[in-house]
>>> print(open('model.cif').read())   # mmCIF, C-alpha atoms
data_run
#
loop_
_atom_site.label_atom_id
_atom_site.label_comp_id
_atom_site.auth_asym_id
_atom_site.auth_seq_id
_atom_site.Cartn_x
_atom_site.Cartn_y
_atom_site.Cartn_z
CA MET A 1 -10.11 14.53 11.16
CA ARG A 2 -11.54 11.45 9.46
CA THR A 3 -8.98 9.16 7.78
CA THR A 4 -9.79 6.35 5.36
CA ALA A 5 -7.25 3.73 4.29
CA ILE A 6 -7.39 2.19 0.82
CA VAL A 7 -5.68 -1.19 0.84
CA VAL A 8 -4.74 -2.42 -2.63
CA ALA A 9 -4.92 -6.22 -2.93
CA ALA A 10 -6.34 -6.75 -6.43
CA GLY A 11 -3.25 -8.20 -8.12
CA GLU A 12 -2.73 -11.90 -8.69
CA GLY A 13 0.83 -11.87 -7.31
CA ARG A 14 1.85 -14.98 -9.24
CA ARG A 15 5.57 -14.38 -8.63
CA ILE A 16 5.05 -15.86 -5.20
CA GLY A 17 4.27 -19.24 -6.80
CA GLY A 18 1.51 -21.77 -6.31
CA ASP A 19 -2.16 -21.65 -7.24
CA VAL A 20 -3.26 -19.31 -4.45
CA SER A 21 -3.48 -15.58 -5.08
CA LYS A 22 -0.90 -13.73 -2.97
CA THR A 23 -3.67 -11.97 -1.06
CA TYR A 24 -4.62 -15.25 0.63
CA VAL A 25 -1.20 -16.85 1.08
CA PRO A 26 -0.89 -17.97 4.72
CA ILE A 27 1.81 -16.26 6.75
CA ALA A 28 2.38 -18.35 9.90
CA GLY A 29 -1.19 -19.62 9.68
CA ARG A 30 -2.95 -16.30 8.95
CA SER A 31 -3.77 -14.97 5.48
CA LEU A 32 -1.59 -12.13 4.23
CA VAL A 33 -4.57 -9.83 3.74
CA LEU A 34 -5.73 -10.40 7.32
CA ARG A 35 -2.27 -9.66 8.70
CA THR A 36 -2.18 -6.37 6.79
CA LEU A 37 -5.67 -5.41 7.96
CA ASP A 38 -4.71 -6.29 11.55
CA ARG A 39 -2.07 -3.55 11.48
CA ILE A 40 -4.25 -0.93 9.81
CA LEU A 41 -7.36 -1.52 11.89
CA SER A 42 -5.31 -1.33 15.09
CA THR A 43 -4.14 2.18 14.17
CA PRO A 44 -6.32 4.65 16.13
CA ALA A 45 -5.82 7.41 13.55
CA ILE A 46 -7.55 5.35 10.83
CA ASN A 47 -11.35 5.37 10.94
CA ASP A 48 -12.26 2.94 8.17
CA VAL A 49 -10.78 0.80 5.40
CA VAL A 50 -11.66 0.21 1.76
CA LEU A 51 -10.12 -3.10 0.65
CA VAL A 52 -9.71 -3.28 -3.13
CA ILE A 53 -9.64 -6.85 -4.42
CA ALA A 54 -9.87 -8.76 -7.69
CA PRO A 55 -13.49 -8.91 -8.94
CA ASP A 56 -13.47 -12.72 -8.95
CA ASP A 57 -12.39 -12.78 -5.28
CA PHE A 58 -15.28 -10.73 -3.92
CA GLU A 59 -17.33 -13.55 -2.43
CA ARG A 60 -14.27 -15.39 -1.10
CA CYS A 61 -12.80 -12.31 0.56
CA GLU A 62 -16.07 -11.17 2.11
CA LYS A 63 -16.55 -14.61 3.63
CA LEU A 64 -12.99 -14.56 4.99
CA LEU A 65 -13.38 -11.14 6.62
CA ARG A 66 -16.85 -11.75 8.03
CA GLY A 67 -15.70 -15.04 9.51
CA ASP A 68 -12.69 -13.54 11.30
CA LEU A 69 -13.41 -12.46 14.90
CA ASP A 70 -10.73 -9.74 14.86
CA ILE A 71 -11.94 -8.17 11.60
CA SER A 72 -15.67 -8.84 11.23
CA ASN A 73 -16.94 -6.04 13.45
CA ARG A 74 -14.50 -3.37 12.26
CA ALA A 75 -15.21 -0.56 9.77
CA TRP A 76 -14.31 -2.04 6.37
CA SER A 77 -15.83 -2.32 2.92
CA LEU A 78 -14.87 -4.13 -0.27
CA GLN A 79 -14.35 -2.70 -3.73
CA SER A 80 -13.52 -4.60 -6.91
CA GLY A 81 -10.28 -3.50 -8.55
CA GLY A 82 -9.35 -2.58 -12.09
CA ALA A 83 -6.87 -3.84 -14.66
CA THR A 84 -3.96 -1.91 -13.10
CA ARG A 85 -2.97 -0.84 -9.62
CA GLN A 86 -3.75 2.78 -10.51
CA GLN A 87 -7.24 1.88 -11.69
CA SER A 88 -7.78 -0.11 -8.49
CA VAL A 89 -6.85 2.87 -6.32
CA GLN A 90 -9.10 5.12 -8.37
CA ARG A 91 -12.01 2.74 -7.78
CA GLY A 92 -11.19 2.75 -4.07
CA LEU A 93 -11.41 6.53 -4.08
CA THR A 94 -15.05 6.30 -5.17
CA ARG A 95 -15.87 4.52 -1.89
CA LEU A 96 -14.55 7.20 0.48
CA HIS A 97 -16.78 8.41 3.28
CA THR A 98 -18.11 11.89 2.54
CA ALA A 99 -16.41 13.17 5.71
CA THR A 100 -12.99 11.71 4.84
CA GLU A 101 -10.23 14.33 4.93
CA ILE A 102 -7.07 12.19 4.72
CA VAL A 103 -6.61 9.17 2.45
CA VAL A 104 -3.97 6.55 3.26
CA ILE A 105 -3.02 4.18 0.43
CA HIS A 106 -1.26 0.97 1.41
CA ASP A 107 -0.14 -2.21 -0.34
CA GLY A 108 -2.01 -5.28 0.82
CA ALA A 109 1.27 -7.17 0.66
CA ARG A 110 3.00 -5.06 3.35
CA PRO A 111 1.76 -6.67 6.58
CA PHE A 112 4.34 -5.31 9.03
CA ALA A 113 3.99 -1.52 8.84
CA SER A 114 3.64 -0.28 12.41
CA ALA A 115 0.82 1.83 13.80
CA GLY A 116 3.43 4.50 14.52
CA LEU A 117 4.43 4.61 10.85
CA PHE A 118 0.83 5.10 9.77
CA HIS A 119 0.39 7.82 12.38
CA ARG A 120 3.49 9.75 11.28
CA CYS A 121 2.48 9.55 7.63
CA ILE A 122 -1.07 10.73 8.33
CA ALA A 123 0.15 13.64 10.47
CA ALA A 124 2.59 14.73 7.75
CA ALA A 125 -0.12 14.58 5.08
CA ALA A 126 -2.46 16.69 7.21
CA ASP A 127 0.30 19.27 7.58
CA LYS A 128 1.88 19.21 4.11
CA GLY A 129 -0.82 17.83 1.82
CA ALA A 130 1.06 14.71 0.69
CA ALA A 131 3.49 12.37 2.45
CA VAL A 132 5.08 9.01 1.74
CA VAL A 133 7.47 6.74 3.60
CA GLY A 134 10.69 5.31 2.25
CA LEU A 135 14.27 4.34 2.97
CA PRO A 136 17.55 5.80 1.70
CA ALA A 137 19.03 3.50 -0.95
CA ARG A 138 21.81 1.34 0.49
CA ASP A 139 23.03 -0.10 -2.82
CA THR A 140 24.52 1.70 -5.79
CA ILE A 141 21.85 2.21 -8.48
CA LYS A 142 22.60 2.07 -12.22
CA PHE A 143 20.64 3.24 -15.24
CA VAL A 144 20.92 0.28 -17.64
CA THR A 145 19.96 0.12 -21.32
CA ALA A 146 17.50 -2.46 -22.64
CA ASP A 147 20.38 -4.50 -24.03
CA GLY A 148 22.25 -4.62 -20.71
CA TRP A 149 24.80 -1.77 -20.80
CA ILE A 150 25.29 0.67 -17.92
CA GLN A 151 24.23 4.10 -19.06
CA SER A 152 24.93 6.18 -15.95
CA THR A 153 25.14 6.08 -12.15
CA PRO A 154 23.01 8.55 -10.17
CA GLU A 155 24.27 9.98 -6.88
CA ARG A 156 23.12 7.51 -4.21
CA LYS A 157 22.63 10.05 -1.42
CA SER A 158 19.60 11.51 -3.21
CA LEU A 159 17.94 8.14 -3.93
CA TRP A 160 15.19 6.68 -1.76
CA GLU A 161 13.24 3.42 -2.02
CA ILE A 162 9.63 4.46 -1.61
CA GLN A 163 7.20 2.25 0.30
CA THR A 164 3.62 2.54 1.42
CA PRO A 165 1.74 3.87 3.34
CA GLN A 166 1.32 7.01 1.29
CA ALA A 167 -1.09 9.62 2.67
CA PHE A 168 -2.75 12.61 1.06
CA ARG A 169 -5.42 15.20 1.67
CA LYS A 170 -8.49 13.89 -0.13
CA ASP A 171 -8.75 16.74 -2.60
CA VAL A 172 -5.08 16.32 -3.56
CA ILE A 173 -5.21 12.59 -4.37
CA VAL A 174 -8.63 12.69 -6.05
CA ALA A 175 -7.52 15.54 -8.34
CA ALA A 176 -4.24 13.78 -9.17
CA HIS A 177 -6.06 10.61 -10.23
CA GLU A 178 -8.60 12.56 -12.28
CA ILE A 179 -5.82 14.37 -14.17
CA ALA A 180 -3.96 11.11 -14.86
CA ALA A 181 -7.14 9.39 -16.10
CA CYS A 182 -7.91 12.26 -18.46
CA GLU A 183 -4.36 12.19 -19.84
CA GLY A 184 -4.12 8.40 -20.04
CA PHE A 185 -1.04 8.40 -17.78
CA GLU A 186 -0.12 5.33 -15.70
CA ALA A 187 2.25 5.53 -12.71
CA THR A 188 3.85 2.95 -10.46
CA ASP A 189 2.71 4.70 -7.28
CA ASP A 190 0.28 7.39 -6.20
CA ALA A 191 2.98 9.86 -5.20
CA MET A 192 4.04 10.04 -8.85
CA LEU A 193 0.54 11.15 -9.85
CA VAL A 194 0.53 13.80 -7.16
CA GLU A 195 3.98 15.02 -8.24
CA ARG A 196 2.70 15.41 -11.83
CA SER A 197 -0.24 17.47 -10.61
CA GLY A 198 2.19 20.03 -9.13
CA GLN A 199 1.76 19.16 -5.44
CA PRO A 200 5.02 18.65 -3.50
CA VAL A 201 5.31 15.31 -1.71
CA PHE A 202 7.13 14.99 1.61
CA VAL A 203 9.18 11.87 2.42
CA LEU A 204 9.43 10.34 5.89
CA GLU A 205 11.90 7.62 6.84
CA GLY A 206 10.13 4.29 6.81
CA GLU A 207 10.84 0.93 8.42
CA ARG A 208 13.04 -1.94 7.24
CA LEU A 209 10.44 -4.47 8.37
CA ASN A 210 7.85 -2.80 6.15
CA PHE A 211 8.91 -4.87 3.15
CA LYS A 212 6.56 -6.02 0.39
CA ILE A 213 5.89 -9.73 0.13
CA THR A 214 6.52 -10.58 -3.52
CA VAL A 215 8.47 -13.84 -3.84
CA PRO A 216 8.55 -17.08 -1.78
CA GLU A 217 11.64 -15.93 0.13
CA ASP A 218 9.60 -13.04 1.54
CA VAL A 219 7.08 -15.50 2.99
CA TRP A 220 9.88 -17.51 4.62
CA LEU A 221 11.41 -14.35 6.09
CA SER A 222 8.02 -13.19 7.40
CA GLU A 223 7.42 -16.47 9.18
CA LEU A 224 10.92 -16.43 10.69
CA LEU A 225 10.33 -12.92 12.03
CA ILE A 226 7.00 -13.92 13.55
CA ARG A 227 8.42 -17.07 15.16
CA ALA A 228 11.35 -15.08 16.54
CA GLY A 229 8.99 -12.51 18.05
CA ARG A 230 10.42 -9.68 15.95
CA VAL A 231 6.95 -8.79 14.69
CA SER A 232 3.52 -9.58 16.13
#
>>> encode(input="model.cif", output="structure tokens")
Amino acid sequence: MRTTAIVVAAGEGRRIGGDVSKTYVPIAGRSLVLRTLDRILSTPAINDVVLVIAPDDFERCEKLLRGDLDISNRAWSLQSGGATRQQSVQRGLTRLHTATEIVVIHDGARPFASAGLFHRCIAAAADKGAAVVGLPARDTIKFVTADGWIQSTPERKSLWEIQTPQAFRKDVIVAAHEIAACEGFEATDDAMLVERSGQPVFVLEGERLNFKITVPEDVWLSELLIRAGRVS
């Protein structure tokens, strides 16, 4: 069963601060994108990777990957992204190997997802058609109006914070993106597109260390975890 991972790293990520795109921010001396690829390319169940990046970063990223001894000889390709995350994933889907059966979609800013997490997600997608990872919400969630008033409070036990990886049979995710493009619908994650297409999506419990690096505090935490030996 051939599995291709699409890694989405086309956003500027300016919330993290500085002049460097988040994709290339150093985490304990190694670029964020390389740390994410380290995890994915060390997962035996994944055969190849399509890395989706900002069009202006193509030359820079290719040079970075080809110059890295741990990455250069692995099965990866680059694809320029679109104006939105959804468009970037859709462009990544055009680069799938013809023999690909399972597609894994992962945020380039989540460098600590374990090989075991990828494996469980891929296995669930092969069995059920679509699977994502997430964590039960620990805080109370409120629906709040645009002017700052609490509207309602949903039952917390049914709420999950969804992460990536998200894995799908190829026909399921390609069809979901085609439907959304035809209808002009934009979603915040790929599971939402699959849900709209009528395909049930299974949720697996994720990992607390699989957080998304978004703000400077996330970089500091990542480096602390690495120095403490909590992550490789």
>>> closest_atom_pairs(input="model.cif", of="region 146-175 of chain A", to="region 131-138 of chain A", cutoff="10 Å", atoms="all atoms listed in the file", output="JSON lines")
{"residue": "A:Arg156", "atom": "CA", "partner": "A:Ala137", "partner_atom": "CA", "distance": 6.6}
{"residue": "A:Lys157", "atom": "CA", "partner": "A:Pro136", "partner_atom": "CA", "distance": 7.3}
{"residue": "A:Ser158", "atom": "CA", "partner": "A:Pro136", "partner_atom": "CA", "distance": 7.8}
{"residue": "A:Leu159", "atom": "CA", "partner": "A:Ala137", "partner_atom": "CA", "distance": 5.6}
{"residue": "A:Trp160", "atom": "CA", "partner": "A:Pro136", "partner_atom": "CA", "distance": 4.3}
{"residue": "A:Glu161", "atom": "CA", "partner": "A:Leu135", "partner_atom": "CA", "distance": 5.2}
{"residue": "A:Ile162", "atom": "CA", "partner": "A:Gly134", "partner_atom": "CA", "distance": 4.1}
{"residue": "A:Gln163", "atom": "CA", "partner": "A:Gly134", "partner_atom": "CA", "distance": 5.0}
{"residue": "A:Thr164", "atom": "CA", "partner": "A:Val133", "partner_atom": "CA", "distance": 6.1}
{"residue": "A:Pro165", "atom": "CA", "partner": "A:Val132", "partner_atom": "CA", "distance": 6.3}
{"residue": "A:Gln166", "atom": "CA", "partner": "A:Val132", "partner_atom": "CA", "distance": 4.3}
{"residue": "A:Ala167", "atom": "CA", "partner": "A:Ala131", "partner_atom": "CA", "distance": 5.3}
{"residue": "A:Phe168", "atom": "CA", "partner": "A:Ala131", "partner_atom": "CA", "distance": 6.4}
{"residue": "A:Arg169", "atom": "CA", "partner": "A:Ala131", "partner_atom": "CA", "distance": 9.4}
>>> write_last_selection(input="model.cif", atoms="C-alpha atoms", output="short mmCIF file (atom, residue, chain, number, x, y, z; two decimals), in the frame of the given file")
data_model
loop_
_atom_site.label_atom_id
_atom_site.label_comp_id
_atom_site.auth_asym_id
_atom_site.auth_seq_id
_atom_site.Cartn_x
_atom_site.Cartn_y
_atom_site.Cartn_z
CA ARG A 156 23.12 7.51 -4.21
CA LYS A 157 22.63 10.05 -1.42
CA SER A 158 19.60 11.51 -3.21
CA LEU A 159 17.94 8.14 -3.93
CA TRP A 160 15.19 6.68 -1.76
CA GLU A 161 13.24 3.42 -2.02
CA ILE A 162 9.63 4.46 -1.61
CA GLN A 163 7.20 2.25 0.30
CA THR A 164 3.62 2.54 1.42
CA PRO A 165 1.74 3.87 3.34
CA GLN A 166 1.32 7.01 1.29
CA ALA A 167 -1.09 9.62 2.67
CA PHE A 168 -2.75 12.61 1.06
CA ARG A 169 -5.42 15.20 1.67
#
>>> closest_residue(input="model.cif", among="A:Leu78, A:Val215, A:Leu69, A:Leu204", to="Lys22 (chain A)", atoms="all atoms listed in the file")
A:Val215
>>> closest_residue(input="model.cif", among="A:Gly108, A:Ala10, A:His119, A:Ala99", to="Thr43 (chain A)", atoms="only C-alpha atoms")
A:His119
>>> closest_residue(input="model.cif", among="A:Pro111, A:Gly67, A:Pro154, A:Pro200", to="Lys128 (chain A)", atoms="all atoms listed in the file")
A:Pro200
>>> closest_residue(input="model.cif", among="A:Leu41, A:Ile122, A:Pro55, A:Ile105", to="Gly81 (chain A)", atoms="all atoms listed in the file")
A:Pro55
>>> residues_around(input="model.cif", residues="Ala54 (chain A)", least_positions_apart="6", cutoff="8 Å", atoms="only C-alpha atoms", output="list in words")
Ala9, Ala10, Gly11, Glu12, Ser80, Gly81 and Gly82 of chain A
>>> resolve_selection(input="model.cif", expression="the PyMOL selection byres ((chain A and resi 34) around 9)", output="CSV table (one decimal) with C-alpha atoms, in the coordinates of the input")
chain,number,residue,atom,x,y,z
A,23,THR,CA,-3.7,-12.0,-1.1
A,24,TYR,CA,-4.6,-15.2,0.6
A,30,ARG,CA,-3.0,-16.3,9.0
A,31,SER,CA,-3.8,-15.0,5.5
A,32,LEU,CA,-1.6,-12.1,4.2
A,33,VAL,CA,-4.6,-9.8,3.7
A,35,ARG,CA,-2.3,-9.7,8.7
A,36,THR,CA,-2.2,-6.4,6.8
A,37,LEU,CA,-5.7,-5.4,8.0
A,38,ASP,CA,-4.7,-6.3,11.6
A,39,ARG,CA,-2.1,-3.6,11.5
A,64,LEU,CA,-13.0,-14.6,5.0
A,65,LEU,CA,-13.4,-11.1,6.6
A,68,ASP,CA,-12.7,-13.5,11.3
A,71,ILE,CA,-11.9,-8.2,11.6
A,111,PRO,CA,1.8,-6.7,6.6
>>> closest_residue(input="model.cif", among="A:Val174, A:Leu93, A:Ile226, A:Ile213", to="Val50 (chain A)", atoms="only C-alpha atoms")
A:Leu93
>>> closest_atom_pairs(input="model.cif", of="region 10-100 of chain A", to="region 184-197 of chain A", cutoff="9 Å", atoms="only C-alpha atoms", output="tab-separated table")
residue	atom	partner	partner_atom	distance
A:Thr84	CA	A:Glu186	CA	8.6
A:Arg85	CA	A:Thr188	CA	7.8
A:Gln86	CA	A:Glu186	CA	6.8
A:Gln87	CA	A:Glu186	CA	8.9
A:Val89	CA	A:Asp190	CA	8.4
>>> resolve_selection(input="model.cif", expression="the PyMOL selection byres ((chain A and resi 171) around 10)", output="ChimeraX atom specification")
/A:100-103,129,168-170,172-176
